[in-house]
Structures are given as structure tokens and as C-alpha cells.
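Structure first, commentary second.
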Amino acid sequence: MQASVLSAVLYVILGPVAGGFLAGFDRKITARMQGRQGPSVLQPFYDLFKLFNKQALVVNNVQDFLVWGFLVFVVFTGALFFAGGDLLLVFFALTLAGIFFIMSACSANSPYSSMGAQRELMQMMAYEPMVLLVGIGFYDVTGSFSVKDIIHAGSVPAIAYMPGIFVGFLWILAIKFRKSPFDLSTTHHAHQEMVKGLTTELSGNILALVELSHWYENVFLLGVVGLFVMTNAWWSGIIAIAVCLFSYFLEILADNVFPRVKWEFMLKSTWIATAVAGVVNLLILTWIR
Amino acid sequence: MLKVSKSPWLLHYDGSSCNGCDIEVLACLTPVYDVERFGVINTGNPKHADIFLITGGINAQNEPVVKQIYSQMPNPKVVVAVGICACNGGIFKDCYNIHGGVDTAIPVDIYVPGCAARPEAIMDGVVKAVALLDEKRDQMRKEAAQ
């Protein structure tokens, strides 16, 4: 009990630090891939402090509240996950956080932010089945939805039983990380056809909160990646971190290699990946057991 | 102390420029000059921007646009006029449709002359703008304290 509370508290404190450094290394690696020097690794922190120092142009009262809701539920999601809670509840809380974010974009009058919100809904439609399959897959392998039980299920990591589901999860991770080719609703890259999509109408400290939420979210998502290789052996944690960093590198590589696709292609390809990698894996799993 | 100048996000707007200066502005983002190493991001959104970078002079059509974008930027903000046309109208100064430089519409903080302004000059202008950002932030704080 105490250990789970401790890890949840550690996540709340260290989550943004890890997330910020991940974003910093992302920008550095991206720059190197493009033959540039790139900013300092601390740049995302500079950006965050800058945003907190800027004047906040709030377009309406409800937007402020909705962005706070996004942050609170993302932190709740991650804290519950790292505390060893129920995986299904974790994923449902993540969806709720996403809805808060979409509502904040919808509340503004700007056509760009509404368009971003519509695309974000489309993205949710694309990745949500795969997220649920991850939960079901873990249940099938370990007989429990509880993160704590999944880790202590045995000496063979879950990835050995569900490599297909792992690949499917990496696929939708590109959507969740807002990486090209699936960065439809908003992106870190400048000059897209709808300004900044979801975050167009956000500025100053409210935008900083969104950035902070994304850091928390990214650390949580990498936690799920790590869960695939965690076993009851102590050294599996080291392997989990290595696998997380490698997965993150793969997403950065995809970001730099592929151009953005249209939403039709994203939806079709993600569902096909879900069906081929996820569902087939699950069927085989049910069949051999 | 963390400063605004550590992360200057800029917004690039093409007034009535011939595109010469715009190409030089974009050249700053290429691997040769790479302004992103100073944390500069070319954002397309006035609500996220700290520095408003304008090329080309002001005419009757773009004046309300420039004013609108300027009013949408949160404080502290700095305006940089890039190229001689943005500074005072340049060779188009006497044209019937041209009002003059950017300062005929909004207050300009930094002038970067040249036709076209070289990337080095633009980066110098941005660095000067960045120093001004910190000053303006401190001023904002003082006013808020009063």
C-alpha cells in the first residue's frame, strides 16, 4: 500500500521532469536528424517558464476550467497507473482527460480550434480500440487488470505472449505523442494548414498547463510500454526503461521520415493495424490457452 | 532567473513584400543558420508568439490585418521590421497604395534594413528583440506591482 502511494507521489513530482527532458531530447535528436545543431536539452523548460510569465488572453471562463480538468485527469491517470491500479480505470480516465481537452478547444470561437477538436475526436476513434485491446491482452496473459498483479504475474514478460499487441500499441503511440504521420489535430511543427489546431486559442499560462499535461501523458504512455516487459525480477525495470527509450526514438524517427497523412488514411491504417496485429494476436492467445 | 528571452517564439507576416526578405527569414531556419538553437520557433499563431516579424510595407489592405495580429499577441511582445520596405516603404515608398513602413500601423521596436535583409542581419535583429523582451517583462511586473 505504502509503496504504491509512494510511486504515485513520485510520478506526480518527477513526471514533468522526465517528460520535459524527453521533449528536450526529442528536439535535439530531431535537429540532428535534419543536420541542425538544435536547442538546448533544457529548452522545453525554458518554454514552459516563458509561457507562465506571459500575459494570459483568456477567450472565455469555461476554457480555463476545462484545461485544468485535462491536467488533473491526466495526472490522475498516471498516478493510478504507477500506483498499480486497475488498467481499465486508467484507460477510461485517460479518455475522460482527452474529452476535457477537446471540450476546451470546442469552447473557443475559432474555426481552427474547432477543426482541431474534430480531428482529435477522429484520432480518438482511431486509437481507442487498440488501447482497449492492450487492457484485454494483459488480462488474457496474466488473469488480472491490476497493474501490480500484471508486473508480479511471473518471470516471462507479457510481450512474449502479445508481440502483435505491442506493435499495435507502438502504432497508436504516434497518435498519442502527436507525431507525424498522425499529428492531425495539433503539432509542434510550425505552419500547418490550421494554425495550431487544438491549442490555437490557448495562450500564456493556460498553454503552459497543456504542455505540462502532455509531459505527464507521455511519461504515463511510456509506462504502459514498459509494462509489456516488466516481470517480477528487479532487472526487468532496467530493460523496461531501455525499451521505453527505444520506442520513443522510433516515434521520433517516424516523425522525421513520414509526412502527415489525411484522416481517412489514419483511421483505415490504424484500424487495420489494430485488427491484424491486435485482434489476431488476441485470437491466437485465446486459442493456445 | 529564467527569462522570456530563453524561448522567443516568432510570428512571421508578409505585408506587401516581394518575397525576397521572406526567403531570407526562412533561410534562418535552415541547417546553415539554425535559429532554433537559440530556442526560436517559427509559430504560425499570434497567440503563441513573442516576436512579430514583418516584411514589406503597409498598404490599405494589410493595415487592418497587421493591427489585428498585433492586438492578438499577449504581452510582452516585440515588433521587428525586416527589410527596407518594412522600415520605411523602400522603393515602393511613393506608390499611391503604400502608406509607408510598418510603424505607420503599429509601434516598431527593431528595424532591420537591407534589400533583401541578410539572414545574419535578421538574426541580429531577433537577438536585439529578445533583449527587449526581458526589459518589457520587467516593466510589466513593475506596473503590476504598482
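We label chains A, B, ... in the order they appear in the C-alpha cells, count residues from 1 in each chain, and number ligands from 1 in the order shown.
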Could you list, as a PyMOL selection string, every residue of chain B that has an atom within 10 Å of an atom of chain A, counting only C-alpha atoms? chain B and resi 2-9+11+29-50+72-77+137+140-141
Have a look at A:Leu87, A:Ile136, A:Ile13, A:Leu96 and name the one nearest to A:Phe70; count only C-alpha atoms.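 Checking each of A:Leu87, A:Ile136, A:Ile13, A:Leu96 against A:Phe70, counting only C-alpha atoms, the winner is A:Leu96.
Coordinates place atom CA of A:Lys262 at a distance of 11.1 Å from atom CA of A:Ser185.
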Apply DSSP to the structure's backbone, then extract all residues of stretch 84-249 of chain A labelled helix (DSSP H, G or I) and return them as a ChimeraX atom specification. /A:87-107,111-142,147-151,158-160,163-176,197-199,204-227,236-249
What's around A:Val141 at 10 Å? Count only C-alpha atoms, leave out sequence neighbours fewer than 6 positions away in its own chain, and write the answer as an MDAnalysis selection string. chainID A and resid 150 153 157:162 282 285:286 289
Output as a list in words all residues of chain B that backbone DSSP marks as strand (DSSP E). Trp9, Leu10, Leu11, His12, Tyr13, Asp14, Ile41, Asn42, Ile51, Phe52, Leu53, Ile54, Thr55, Ile58, Asn59, Val78, Val79, Val80, Ala81, Val82, Ile98, His99, Gly100, Ile110, Tyr111 and Val112 of chain B
Contacts of B:Asn62 within 9 Å, only C-alpha atoms, excl. fewer than 5 positions in-chain, as a PyMOL selection string: chain B and resi 15-16+57+67
Export N, CA and C atoms of the chosen residues as an mmCIF file, in the first residue's frame?
```cif
data_model
loop_
_atom_site.group_PDB
_atom_site.id
_atom_site.type_symbol
_atom_site.label_atom_id
_atom_site.label_comp_id
_atom_site.auth_asym_id
_atom_site.auth_seq_id
_atom_site.Cartn_x
_atom_site.Cartn_y
_atom_site.Cartn_z
ATOM 1 N N GLY B 15 3.870 41.375 -45.304
ATOM 2 C CA GLY B 15 2.984 42.501 -45.622
ATOM 3 C C GLY B 15 2.789 42.613 -47.120
ATOM 4 N N SER B 16 3.569 43.486 -47.751
ATOM 5 C CA SER B 16 3.493 43.577 -49.214
ATOM 6 C C SER B 16 4.876 43.349 -49.794
ATOM 7 N N GLY B 57 6.073 46.632 -46.887
ATOM 8 C CA GLY B 57 5.434 47.855 -46.394
ATOM 9 C C GLY B 57 3.964 47.654 -46.064
ATOM 10 N N LYS B 67 -2.696 45.214 -37.698
ATOM 11 C CA LYS B 67 -3.208 45.708 -36.406
ATOM 12 C C LYS B 67 -3.890 44.585 -35.628
#
```
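Atom pair atom CA of A:Cys244 / atom CA of A:Asn281: separated by 21.4 Å.
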What does the distance from atom CA of B:Asp14 to atom CA of A:Thr186 come to in Å, to one decimal?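 Going from atom CA of B:Asp14 over to atom CA of A:Thr186, I get 23.5 Å.
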Fewer than 4 positions away in the same chain doesn't count, so skip those; otherwise give me all residues within 8 Å of B:Ile110, counting only C-alpha atoms, as a list of chain:residue names. B:Val78, B:Val79, B:Val80, B:Ala81, B:Gly125, B:Lys128, B:Ala129
One residue among A:Val224, A:Arg178, A:Gly168, A:Leu71 is nearest to A:Phe91 when using only C-alpha atoms, and that residue is A:Val224
